[in-house]
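Visitor: File upload-v8.cif below, mmCIF, C-alpha atoms:
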```cif
data_data
#
loop_
_atom_site.label_atom_id
_atom_site.label_comp_id
_atom_site.auth_asym_id
_atom_site.auth_seq_id
_atom_site.Cartn_x
_atom_site.Cartn_y
_atom_site.Cartn_z
CA MET A 1 0.00 0.00 0.00
CA SER A 2 1.12 3.60 -0.55
CA ARG A 3 2.00 6.35 1.91
CA ARG A 4 -0.27 7.09 4.84
CA ALA A 5 -2.11 10.36 5.25
CA GLY A 6 -1.03 10.41 8.87
CA GLY A 7 2.59 11.06 7.88
CA ASP A 8 4.70 13.98 9.07
CA GLY A 9 3.69 16.23 6.16
CA TYR A 10 0.04 16.16 7.15
CA ASN A 11 0.69 16.31 10.89
CA ALA A 12 2.47 19.64 10.35
CA TRP A 13 -0.74 21.27 9.08
CA ARG A 14 -3.26 22.79 11.44
CA GLY A 15 -6.42 24.84 11.32
CA ARG A 16 -8.12 25.26 7.96
CA GLY A 17 -5.16 24.01 5.99
CA PRO A 18 -3.01 25.61 3.30
CA SER A 19 -4.27 28.12 0.77
CA MET A 20 -4.71 27.09 -2.85
CA ARG A 21 -1.60 28.99 -3.90
CA ALA A 22 0.50 27.08 -1.37
CA ILE A 23 -0.40 23.68 -2.84
CA GLU A 24 2.33 22.08 -4.93
CA GLY A 25 1.08 21.21 -8.41
CA ASN A 26 -1.76 23.76 -8.38
CA VAL A 27 -1.11 25.87 -11.49
CA ILE A 28 -1.96 29.55 -11.20
CA SER A 29 -3.34 30.96 -14.45
CA ASP A 30 -5.87 33.53 -15.64
CA LYS A 31 -6.94 31.06 -18.33
CA VAL A 32 -8.95 28.97 -15.90
CA PRO A 33 -11.94 30.03 -13.75
CA GLY A 34 -10.90 31.18 -10.30
CA GLY A 35 -7.31 31.73 -11.36
CA SER A 36 -5.96 28.28 -10.41
CA LEU A 37 -6.55 24.64 -11.31
CA ILE A 38 -7.98 23.80 -7.88
CA ALA A 39 -10.43 26.70 -8.11
CA ALA A 40 -11.30 25.66 -11.68
CA VAL A 41 -12.00 22.04 -10.72
CA LEU A 42 -14.24 23.28 -7.90
CA ASP A 43 -16.06 25.90 -10.02
CA ARG A 44 -19.76 25.39 -9.31
CA GLN A 45 -20.96 26.19 -12.79
CA LEU A 46 -18.48 23.82 -14.38
CA MET A 47 -19.39 21.09 -11.91
CA ALA A 48 -23.09 21.50 -12.74
CA TRP A 49 -22.50 21.32 -16.50
CA SER A 50 -19.99 18.47 -16.32
CA ASP A 51 -22.06 16.34 -13.95
CA ARG A 52 -24.89 16.41 -16.49
CA GLY A 53 -22.35 14.66 -18.68
CA GLY A 54 -21.55 12.16 -15.92
CA ALA A 55 -18.22 13.62 -14.73
CA SER A 56 -18.48 12.84 -11.01
CA ARG A 57 -19.87 9.37 -11.73
CA TYR A 58 -16.99 8.59 -14.10
CA LEU A 59 -14.44 9.90 -11.59
CA GLY A 60 -15.86 7.69 -8.85
CA GLU A 61 -16.08 4.60 -11.04
CA ARG A 62 -12.59 4.95 -12.51
CA TRP A 63 -11.01 5.63 -9.11
CA SER A 64 -12.72 2.53 -7.75
CA GLU A 65 -11.14 0.55 -10.60
CA GLN A 66 -7.68 1.90 -9.76
CA CYS A 67 -8.22 1.10 -6.07
CA THR A 68 -9.24 -2.44 -6.99
CA ILE A 69 -5.99 -2.93 -8.87
CA ALA A 70 -3.96 -1.47 -5.99
CA LEU A 71 -5.69 -3.68 -3.43
CA GLU A 72 -5.28 -6.83 -5.49
CA GLU A 73 -1.59 -6.05 -5.88
CA ALA A 74 -1.37 -5.59 -2.09
CA VAL A 75 -2.59 -9.13 -1.32
CA ALA A 76 -0.05 -10.92 0.90
CA SER A 77 1.26 -7.57 2.21
CA GLU A 78 0.42 -5.75 5.43
CA VAL A 79 -2.62 -3.47 5.64
CA PRO A 80 -2.76 -0.80 8.37
CA VAL A 81 -5.47 -0.64 11.00
CA PRO A 82 -6.09 2.87 12.41
CA GLY A 83 -5.12 2.73 16.06
CA GLY A 84 -4.55 -1.02 15.91
CA GLN A 85 -2.26 -3.77 14.69
CA PRO A 86 -1.84 -4.32 10.93
CA PHE A 87 -2.84 -7.59 9.30
CA THR A 88 -1.82 -9.53 6.23
CA LEU A 89 -4.28 -9.04 3.37
CA ARG A 90 -5.58 -12.34 1.99
CA ALA A 91 -8.56 -11.37 -0.16
CA VAL A 92 -10.37 -8.30 -1.51
CA VAL A 93 -14.18 -8.43 -1.66
CA ARG A 94 -15.54 -5.77 -4.00
CA LEU A 95 -19.05 -4.62 -3.13
CA ASP A 96 -19.64 -1.59 -5.36
CA GLU A 97 -20.22 -3.73 -8.46
CA ASN A 98 -23.46 -5.10 -6.97
CA PRO A 99 -26.12 -2.33 -6.75
CA GLU A 100 -28.35 -4.65 -4.69
CA ILE A 101 -25.92 -4.30 -1.77
CA ALA A 102 -26.40 -0.53 -1.66
CA ILE A 103 -30.18 -0.99 -1.95
CA GLN A 104 -30.22 -3.47 0.94
CA ALA A 105 -28.01 -1.21 3.05
CA GLY A 106 -30.27 1.77 2.37
CA ARG A 107 -33.33 -0.25 3.29
CA HIS A 108 -31.78 -0.83 6.72
CA GLN A 109 -30.50 2.77 6.92
CA LEU A 110 -26.89 1.57 6.84
CA VAL A 111 -23.85 2.75 4.94
CA ASN A 112 -21.88 0.30 2.82
CA PRO A 113 -18.21 0.47 1.81
CA ASP A 114 -16.83 -0.21 -1.66
CA PHE A 115 -14.66 -3.07 -0.39
CA VAL A 116 -14.32 -5.51 2.49
CA LEU A 117 -10.74 -6.61 3.14
CA TYR A 118 -10.11 -10.04 4.63
CA GLY A 119 -6.83 -10.99 6.25
CA THR A 120 -5.08 -12.71 9.13
CA ARG A 121 -2.67 -11.81 11.88
CA GLY A 122 0.32 -13.85 13.03
CA ASP A 123 -1.76 -15.81 15.55
CA GLY A 124 -4.20 -16.84 12.83
CA GLN A 125 -6.92 -14.41 13.88
CA HIS A 126 -9.34 -13.61 11.05
CA ILE A 127 -9.79 -9.89 10.29
CA LEU A 128 -12.45 -8.01 8.30
CA GLN A 129 -12.05 -4.33 7.46
CA ALA A 130 -14.13 -1.88 5.40
CA ALA A 131 -12.35 0.14 2.71
CA ASP A 132 -13.97 2.94 0.74
CA ALA A 133 -12.63 4.50 -2.47
CA LYS A 134 -12.94 8.28 -2.12
CA PHE A 135 -11.61 10.32 -5.01
CA ALA A 136 -12.64 13.55 -3.24
CA VAL A 137 -11.83 13.64 0.48
CA ASP A 138 -13.91 16.69 1.38
CA THR A 139 -16.98 14.59 2.26
CA ILE A 140 -15.46 11.66 4.16
CA ARG A 141 -16.72 10.74 7.62
CA SER A 142 -15.20 8.16 9.97
CA SER A 143 -18.62 6.58 10.52
CA GLN A 144 -18.69 5.47 6.87
CA VAL A 145 -15.94 2.88 7.47
CA SER A 146 -16.29 2.26 11.19
CA ALA A 147 -16.17 -1.24 12.62
CA ALA A 148 -19.73 -0.74 13.89
CA ALA A 149 -20.99 0.08 10.38
CA LEU A 150 -19.51 -3.09 8.90
CA GLU A 151 -20.74 -5.22 11.82
CA ALA A 152 -24.26 -3.87 11.24
CA LEU A 153 -24.10 -4.88 7.58
CA LEU A 154 -22.89 -8.35 8.49
CA ALA A 155 -25.74 -8.70 10.98
CA VAL A 156 -28.45 -8.10 8.36
CA GLU A 157 -30.56 -11.22 7.93
CA GLU A 158 -29.82 -12.81 4.54
CA GLY A 159 -27.26 -10.04 4.14
CA LEU A 160 -25.65 -9.62 0.75
CA VAL A 161 -22.35 -8.43 2.22
CA GLY A 162 -21.88 -11.63 4.18
CA ALA A 163 -22.83 -13.63 1.07
CA ALA A 164 -20.27 -11.72 -1.03
CA ILE A 165 -17.52 -12.47 1.50
CA ALA A 166 -18.47 -16.15 1.62
CA ALA A 167 -18.47 -16.36 -2.18
CA LYS A 168 -15.04 -14.73 -2.42
CA LEU A 169 -13.62 -17.16 0.14
CA ASN A 170 -15.32 -20.17 -1.51
CA GLY A 171 -17.41 -20.80 1.57
CA VAL A 172 -14.42 -21.31 3.87
CA SER A 173 -15.44 -20.39 7.41
CA ILE A 174 -13.59 -17.51 9.06
CA GLU A 175 -15.49 -17.73 12.34
CA PRO A 176 -14.66 -16.26 14.72
CA TYR A 177 -13.49 -13.04 13.11
CA ARG A 178 -12.70 -9.56 14.32
CA VAL A 179 -13.96 -6.40 12.58
CA GLU A 180 -11.43 -3.56 12.65
CA ARG A 181 -11.69 0.17 11.93
CA GLY A 182 -11.80 0.81 8.21
CA VAL A 183 -9.86 3.03 5.84
CA PHE A 184 -10.44 5.40 2.95
CA LEU A 185 -8.45 5.09 -0.26
CA SER A 186 -7.79 8.50 -1.83
CA PRO A 187 -5.50 9.75 -4.61
CA ILE A 188 -2.18 11.51 -4.19
CA SER A 189 -3.13 14.83 -5.74
CA PRO A 190 -3.07 18.57 -5.10
CA LEU A 191 -6.82 18.48 -4.46
CA THR A 192 -6.30 15.92 -1.69
CA ASP A 193 -3.51 18.09 -0.28
CA TYR A 194 -5.92 21.01 -0.20
CA PHE A 195 -8.92 19.28 1.38
CA LEU A 196 -7.42 16.66 3.70
CA PRO A 197 -6.23 19.05 6.43
CA ARG A 198 -9.69 20.59 6.46
CA VAL A 199 -11.36 17.29 7.41
CA THR A 200 -8.64 15.88 9.70
CA SER A 201 -7.94 18.92 11.87
CA GLY A 202 -9.70 21.82 13.52
CA PRO A 203 -12.26 21.79 16.36
CA ARG A 204 -14.57 19.24 14.68
CA PRO A 205 -12.54 16.91 12.43
CA THR A 206 -14.66 14.43 10.48
CA VAL A 207 -11.97 11.81 9.99
CA ASP A 208 -8.78 10.60 11.65
CA PRO A 209 -5.78 11.07 9.32
CA LYS A 210 -4.76 7.49 10.13
CA GLU A 211 -7.95 6.34 8.39
CA VAL A 212 -6.86 7.74 5.01
CA ILE A 213 -4.46 5.85 2.75
CA LEU A 214 -3.11 7.75 -0.23
CA LEU A 215 -2.50 5.92 -3.49
CA PRO A 216 -0.87 7.08 -6.72
CA VAL A 217 -3.30 7.92 -9.50
CA ASP A 218 -2.68 7.39 -13.20
CA PRO A 219 -4.35 10.24 -15.17
CA VAL A 220 -4.24 8.31 -18.44
CA ALA A 221 -5.85 5.17 -17.00
CA MET A 222 -8.48 7.24 -15.20
CA PHE A 223 -10.06 8.43 -18.43
CA ALA A 224 -8.96 5.97 -21.11
CA GLY A 225 -11.67 4.72 -23.44
CA LEU A 226 -14.46 7.12 -22.48
CA PRO A 227 -16.32 8.81 -25.36
CA MET A 228 -15.30 12.32 -24.25
CA THR A 229 -11.66 11.55 -23.44
CA ARG A 230 -10.26 12.67 -26.78
CA LEU A 231 -11.56 16.16 -26.00
CA ILE A 232 -9.09 16.53 -23.11
CA GLY A 233 -6.17 17.13 -25.47
CA ILE A 234 -8.22 19.34 -27.81
CA LEU A 235 -9.22 21.64 -24.95
CA ALA A 236 -5.86 21.60 -23.14
CA ARG A 237 -4.07 22.80 -26.27
CA ILE A 238 -6.07 26.04 -26.18
CA ASP A 239 -4.78 27.04 -22.72
CA ARG A 240 -1.28 25.55 -23.01
CA LEU A 241 -0.77 25.39 -19.25
CA PRO A 242 2.71 24.39 -18.02
CA VAL A 243 1.47 20.92 -16.99
CA SER A 244 0.14 18.08 -19.12
CA PRO A 245 -3.17 16.28 -18.43
CA ARG A 246 -1.32 13.05 -19.14
CA GLU A 247 0.89 13.61 -16.08
CA ASN A 248 -0.91 16.07 -13.79
CA ILE A 249 -4.13 14.67 -12.31
CA LEU A 250 -5.47 18.13 -11.45
CA SER A 251 -5.09 19.25 -15.05
CA ALA A 252 -6.65 15.99 -16.27
CA MET A 253 -9.63 16.48 -13.93
CA TYR A 254 -10.22 20.03 -15.13
CA TYR A 255 -10.16 19.21 -18.83
CA PHE A 256 -12.15 16.04 -18.27
CA ARG A 257 -14.88 18.07 -16.58
CA LEU A 258 -14.85 20.46 -19.54
CA ALA A 259 -15.04 17.47 -21.89
CA CYS A 260 -18.02 16.01 -20.01
CA ALA A 261 -19.76 19.39 -20.20
CA CYS A 262 -19.20 19.40 -23.97
CA ALA A 263 -20.59 15.86 -24.23
CA TRP A 264 -23.76 16.84 -22.38
CA MET A 265 -24.21 19.91 -24.57
CA TRP A 266 -23.71 17.85 -27.74
CA VAL A 267 -26.42 15.43 -26.61
CA GLU A 268 -28.72 18.30 -25.65
CA GLU A 269 -28.33 19.83 -29.11
CA HIS A 270 -29.04 16.50 -30.82
CA THR A 271 -32.03 15.46 -28.70
CA PRO A 272 -35.38 16.28 -30.37
CA LEU A 273 -37.75 18.61 -28.56
CA LEU A 274 -40.44 15.95 -28.90
CA SER A 275 -39.79 12.29 -29.57
CA ASN A 276 -40.53 8.81 -28.31
CA GLU A 277 -36.89 7.82 -28.72
CA PRO A 278 -34.29 8.17 -25.94
CA PRO A 279 -31.58 10.84 -26.23
CA PRO A 280 -28.82 9.82 -28.66
CA ALA A 281 -25.62 8.27 -27.38
CA VAL A 282 -22.51 10.39 -27.68
CA GLU A 283 -20.71 9.84 -30.98
CA PRO A 284 -17.01 10.36 -30.12
CA VAL A 285 -15.91 11.40 -33.62
CA ALA A 286 -18.82 13.81 -34.14
CA LEU A 287 -18.30 15.23 -30.64
CA ALA A 288 -14.60 15.79 -31.28
CA ASP A 289 -15.29 17.41 -34.64
CA GLU A 290 -17.87 19.79 -33.15
CA THR A 291 -15.59 20.67 -30.24
CA THR A 292 -12.66 21.33 -32.59
CA ARG A 293 -14.85 23.60 -34.71
CA ARG A 294 -15.86 25.59 -31.65
CA THR A 295 -12.27 26.03 -30.44
CA LYS A 296 -11.29 28.18 -33.41
CA GLY A 297 -10.50 31.67 -32.19
CA ALA A 298 -11.25 30.82 -28.55
CA ARG A 299 -8.95 32.38 -25.94
CA THR A 300 -9.58 29.70 -23.31
CA ALA A 301 -11.08 26.23 -23.09
CA PHE A 302 -13.59 27.46 -20.53
CA ALA A 303 -14.76 30.13 -23.00
CA VAL A 304 -15.52 27.35 -25.50
CA VAL A 305 -17.86 25.69 -23.02
CA GLU A 306 -19.46 28.99 -21.98
CA SER A 307 -20.21 29.88 -25.59
CA TRP A 308 -21.55 26.40 -26.32
CA TYR A 309 -23.86 26.63 -23.32
CA GLN A 310 -25.38 29.85 -24.62
CA ASP A 311 -26.38 27.99 -27.78
CA VAL A 312 -27.68 25.02 -25.81
CA GLU A 313 -29.70 27.26 -23.50
CA ARG A 314 -31.90 28.28 -26.43
CA VAL A 315 -32.66 24.62 -27.12
CA THR A 316 -33.32 23.98 -23.43
CA ARG A 317 -35.77 26.89 -23.21
CA ALA A 318 -37.60 25.67 -26.30
CA ARG A 319 -37.84 22.17 -24.79
CA GLN A 320 -39.23 23.62 -21.57
CA GLU A 321 -41.82 25.68 -23.44
CA LEU A 322 -42.92 22.65 -25.42
CA GLY A 323 -43.07 20.55 -22.26
CA ALA A 324 -45.42 23.10 -20.74
CA VAL A 325 -48.03 22.49 -23.48
CA ALA A 326 -47.37 18.76 -24.07
CA VAL A 327 -49.19 17.81 -20.86
CA LEU A 328 -51.46 14.81 -20.41
CA PRO A 329 -54.97 16.25 -20.93
CA VAL A 330 -56.57 13.81 -18.47
CA ARG A 331 -55.98 15.38 -15.07
CA MET A 332 -54.97 13.60 -11.88
CA ARG A 333 -58.27 14.60 -10.31
CA GLU A 334 -60.14 12.64 -12.98
CA LEU A 335 -57.96 9.57 -12.47
CA ARG A 336 -58.56 9.66 -8.71
CA GLU A 337 -62.31 9.94 -9.29
CA LEU A 338 -62.24 6.91 -11.63
CA LEU A 339 -60.32 4.86 -9.06
CA GLU A 340 -62.66 5.94 -6.25
CA ALA A 341 -65.71 4.97 -8.31
CA ALA A 342 -64.11 1.55 -8.89
CA GLY A 343 -63.42 1.10 -5.17
CA LEU A 344 -59.65 1.40 -5.64
CA ALA A 345 -59.06 4.70 -3.90
CA GLU A 346 -56.74 3.07 -1.37
CA ALA A 347 -55.20 0.48 -3.70
CA ARG A 348 -51.45 0.75 -3.35
CA GLY A 349 -49.74 1.92 -6.53
CA ALA A 350 -52.91 1.92 -8.63
CA LEU A 351 -52.84 5.66 -9.38
CA ARG A 352 -49.14 5.53 -10.28
CA ARG A 353 -49.63 2.57 -12.62
CA VAL A 354 -52.66 4.07 -14.37
CA ARG A 355 -51.01 7.46 -14.74
CA GLY A 356 -47.76 5.93 -16.05
CA ALA A 357 -49.47 3.77 -18.67
CA LEU A 358 -51.72 6.62 -19.75
CA ASP A 359 -48.80 9.04 -20.07
CA ARG A 360 -46.88 6.58 -22.26
CA GLN A 361 -49.92 6.21 -24.51
CA TYR A 362 -50.31 9.99 -24.66
CA ARG A 363 -46.69 10.57 -25.69
CA ARG A 364 -46.91 7.92 -28.39
CA ARG A 365 -50.14 9.30 -29.83
CA LEU A 366 -48.93 12.91 -29.61
CA VAL A 367 -45.81 12.14 -31.66
CA GLU A 368 -47.98 10.25 -34.15
CA SER A 369 -50.18 13.33 -34.47
CA VAL A 370 -47.56 16.08 -34.84
CA GLY A 371 -44.45 14.13 -35.74
CA GLU A 372 -41.01 14.24 -34.13
CA ILE A 373 -39.84 17.80 -33.49
CA PRO A 374 -36.07 18.30 -33.85
CA ALA A 375 -33.92 20.32 -31.45
CA ARG A 376 -33.70 23.14 -33.98
CA PRO A 377 -36.97 23.09 -35.96
CA ASP A 378 -37.25 25.01 -39.22
CA ARG A 379 -40.61 26.48 -38.18
CA PRO A 380 -41.31 29.27 -35.67
CA LEU A 381 -41.64 27.88 -32.14
CA PRO A 382 -44.99 29.65 -31.40
CA ALA A 383 -46.59 27.85 -34.35
CA ILE A 384 -45.24 24.51 -33.11
CA LEU A 385 -46.52 25.15 -29.60
CA GLU A 386 -50.00 25.95 -30.89
CA GLU A 387 -50.04 22.78 -33.00
CA VAL A 388 -48.94 20.61 -30.05
CA ALA A 389 -51.49 22.20 -27.72
CA SER A 390 -54.26 21.64 -30.26
CA ALA A 391 -53.24 18.01 -30.82
CA SER A 392 -53.12 17.44 -27.07
CA ARG A 393 -56.67 18.75 -26.62
CA ALA A 394 -57.90 16.61 -29.50
CA LEU A 395 -56.54 13.46 -27.84
CA TYR A 396 -58.59 13.96 -24.66
CA PRO A 397 -61.65 11.80 -25.56
CA GLU A 398 -59.44 8.89 -26.65
CA LEU A 399 -57.25 9.11 -23.57
CA ARG A 400 -60.27 9.37 -21.25
CA ARG A 401 -61.54 6.05 -22.66
CA THR A 402 -58.05 4.57 -22.28
CA ALA A 403 -58.00 5.68 -18.63
CA GLU A 404 -61.31 3.93 -18.01
CA ARG A 405 -59.97 0.69 -19.54
CA LEU A 406 -56.82 0.93 -17.43
CA VAL A 407 -58.93 1.27 -14.26
CA GLU A 408 -61.04 -1.71 -15.33
CA ARG A 409 -57.83 -3.72 -15.70
CA GLU A 410 -56.78 -2.69 -12.19
CA VAL A 411 -60.13 -3.93 -10.88
CA ALA A 412 -59.74 -7.26 -12.67
CA GLU A 413 -56.21 -7.75 -11.34
CA ALA A 414 -57.35 -6.84 -7.81
CA GLU A 415 -60.09 -9.46 -8.01
CA ARG A 416 -57.55 -12.07 -9.13
CA GLY A 417 -55.32 -11.05 -6.25
CA VAL A 418 -52.47 -9.99 -8.55
#
```
Could you spell out this file's structure in structure tokens?
Guide:
Amino acid sequence: MSRRAGGDGYNAWRGRGPSMRAIEGNVISDKVPGGSLIAAVLDRQLMAWSDRGGASRYLGERWSEQCTIALEEAVASEVPVPGGQPFTLRAVVRLDENPEIAIQAGRHQLVNPDFVLYGTRGDGQHILQAADAKFAVDTIRSSQVSAAALEALLAVEEGLVGAAIAAKLNGVSIEPYRVERGVFLSPISPLTDYFLPRVTSGPRPTVDPKEVILLPVDPVAMFAGLPMTRLIGILARIDRLPVSPRENILSAMYYFRLACACAWMWVEEHTPLLSNEPPPAVEPVALADETTRRTKGARTAFAVVESWYQDVERVTRARQELGAVAVLPVRMRELRELLEAAGLAEARGALRRVRGALDRQYRRRLVESVGEIPARPDRPLPAILEEVASASRALYPELRRTAERLVEREVAEAERGV
């Protein structure tokens, strides 16, 4: 395993931690929002745009992959226990690949880690420890990886965590075992250097520095193969900062967030205002070509995204205006009255099922009536809105009859005990 966050460098920091300018690897430049790479990565507007393109999700998933590799490579070596004796790692049980584990934990109001580490001590004692991959350390809390949290998960009847551990160990019994305090796995990066003192020190620290293990991060591996990755180089070449995204994780994060913002805007511009089809998947070549076209004459990469958003905003407003008139003409009040008349006023989920089925029928018939409307129609928007509103009103009698049939089906299924 890599260096510990509880080392001398971190122990020397107190209070709120170092300023952005004091962080090694944080480039200061007027070409990025906030004047530095840390400020740029944390820019709220950029985070909002980029997360619509999946940036935070990709960062979490890719960091979890890198942590998995690091943990597997650490098997047979010693793993630290905060405030306790280390143990020899024997197996890594990955939990974050099974969404049912998170669902079960949530149902019991429990937190679940990304990994459970199994190992032994010299006397043969079996050890279990939670480990959580945290790319951003600003939100970590000791309770998330506490021994009590893992014990609670293991105590859940028919618990999926216990089953995952048993499957990984091929059913070999490890009873009795001891659950130790867990650890967080975070990247060695300027952003970690900036945030970690803020959560490990001060009057109300949220985590013990001994609970954080820092691992090296490979910027290339973090983003390889994603549809927006090729944009990182295109955008970075505009600013020409003194660090490369291929080597500096902070730079890679910034341009990746810009790239994800571009990907979301490309999809937004190619999604029809009205359609029964899902939004199109990102086409990497087309996305790169459009981004390259927009970079011509741009002073900064951020300016490219800002300008693109202004174009997208017009499409978004048009979609919102159309959505305001493309509303199911059969009102909720009418559906409740139909269910009450059928004796299903208290039937669990009946209103939701009827409304959902009716809305799907409405959308299908509306598109059949007016046709698919592209993101940038060649007709004036007011004329389109009037046509959609008229078509929606005309569908009311048909949809009212459909609603009555859907309620009749609910009655039949209730009588059958479905």
Visitor: Can you turn the PyMOL selection byres ((chain A and resi 152) around 10) into a concrete residue list for this file, as a list in words?
Guide: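 Here the PyMOL selection byres ((chain A and resi 152) around 10) matches Ala105, His108, Leu110, Val111, Asn112, Ala147, Ala148, Ala149, Leu150, Glu151, Leu153, Leu154, Ala155, Val156 and Gly159 of chain A.
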Visitor: Selected residues, C-alpha atoms, written as an mmCIF file, in the coordinates of the input, please.
Guide:
```cif
data_model
loop_
_atom_site.group_PDB
_atom_site.id
_atom_site.type_symbol
_atom_site.label_atom_id
_atom_site.label_comp_id
_atom_site.auth_asym_id
_atom_site.auth_seq_id
_atom_site.Cartn_x
_atom_site.Cartn_y
_atom_site.Cartn_z
ATOM 1 C CA ALA A 105 -28.010 -1.210 3.050
ATOM 2 C CA HIS A 108 -31.780 -0.830 6.720
ATOM 3 C CA LEU A 110 -26.890 1.570 6.840
ATOM 4 C CA VAL A 111 -23.850 2.750 4.940
ATOM 5 C CA ASN A 112 -21.880 0.300 2.820
ATOM 6 C CA ALA A 147 -16.170 -1.240 12.620
ATOM 7 C CA ALA A 148 -19.730 -0.740 13.890
ATOM 8 C CA ALA A 149 -20.990 0.080 10.380
ATOM 9 C CA LEU A 150 -19.510 -3.090 8.900
ATOM 10 C CA GLU A 151 -20.740 -5.220 11.820
ATOM 11 C CA LEU A 153 -24.100 -4.880 7.580
ATOM 12 C CA LEU A 154 -22.890 -8.350 8.490
ATOM 13 C CA ALA A 155 -25.740 -8.700 10.980
ATOM 14 C CA VAL A 156 -28.450 -8.100 8.360
ATOM 15 C CA GLY A 159 -27.260 -10.040 4.140
#
```
Visitor: I'd like the neighbourhood of segment 270-277 of chain A as JSON, numbers by chain, where a residue qualifies if any of its atoms comes within 10 Å (using only C-alpha atoms), though same-chain residues fewer than 6 positions away should be ignored.
Guide: {"A": [264, 312, 315, 316, 318, 319, 320, 321, 322, 323, 326, 360, 363, 364, 365, 366, 367, 368, 370, 371, 372, 373, 374, 375, 376, 377, 388]}
Visitor: Can you spell out as JSON, numbers by chain the set of residues that the PyMOL selection byres ((chain A and resi 304-306) around 8) selects in the structure I just provided?
Guide: {"A": [258, 261, 262, 294, 295, 298, 300, 301, 302, 303, 307, 308, 309, 310]}
Visitor: Using all atoms listed in the file, which of the listed residues (A:Leu196, A:Leu128, A:Val282, A:Val212) sits closest to Ser142 of chain A?
Guide: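 Selected residue with least distance to Ser142 of chain A: A:Val212.
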Visitor: So how many Å separate atom CA of Met222 of chain A and atom CA of Arg62 of chain A, to one decimal?
Guide: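 Here the two named atoms are 5.4 Å from each other.
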Visitor: Enter the distance from atom CA of Val325 of chain A to atom CA of Leu385 of chain A, in Å, rounded to one decimal.
Guide: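 These atoms are spaced 6.8 Å apart.
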Visitor: Please indicate the distance in Å from atom CA of Pro33 of chain A to atom CA of Ala259 of chain A, rounded to one decimal place.
Guide: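 Calculated distance between atom CA of Pro33 of chain A and atom CA of Ala259 of chain A is 15.3 Å.
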Visitor: Pick the closest to Thr229 of chain A from A:Glu283, A:Asp208, A:Glu269, A:Glu398: which is it, counting all atoms listed in the file?
Guide: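 Residue with the minimum atom-to-atom distance to Thr229 of chain A: A:Glu283.
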Visitor: Restricting the calculation to only C-alpha atoms: of A:Glu180, A:Glu334, A:Glu61, A:Asp378, which residue gets closest to Gln85 of chain A?
Guide: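 Of A:Glu180, A:Glu334, A:Glu61, A:Asp378, the one nearest Gln85 of chain A, counting only C-alpha atoms, is A:Glu180.
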Visitor: Extending 6 Å beyond the listed atoms of segment 23-34 of chain A on each side, what axis-aligned box results? I want centre and edge lengths in Å to one decimal, as lines of an AutoDock Vina configuration file.
Guide:
```
center_x = -4.8
center_y = 27.4
center_z = -10.6
size_x = 26.3
size_y = 24.3
size_z = 27.5
```
Visitor: I'd like to see the residues matched by the PyMOL selection byres ((chain A and resi 352) around 12) on this file, and ideally I'd get them as a ChimeraX atom specification.
Guide: /A:332,335-336,339,345-351,353-359,406-407,410
Visitor: Taking only C-alpha atoms into account, which of A:Leu71, A:Leu231, A:Leu46, A:Ala236 comes nearest Ala286 of chain A?
Guide: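 Result for the nearest residue to Ala286 of chain A: A:Leu231.
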Visitor: Taking all atoms listed in the file into account, name the residue in A:Val267, A:Ala76, A:Trp63, A:Val161 that is nearest to Ile103 of chain A.
Guide: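 The closest residue to Ile103 of chain A is A:Val161.
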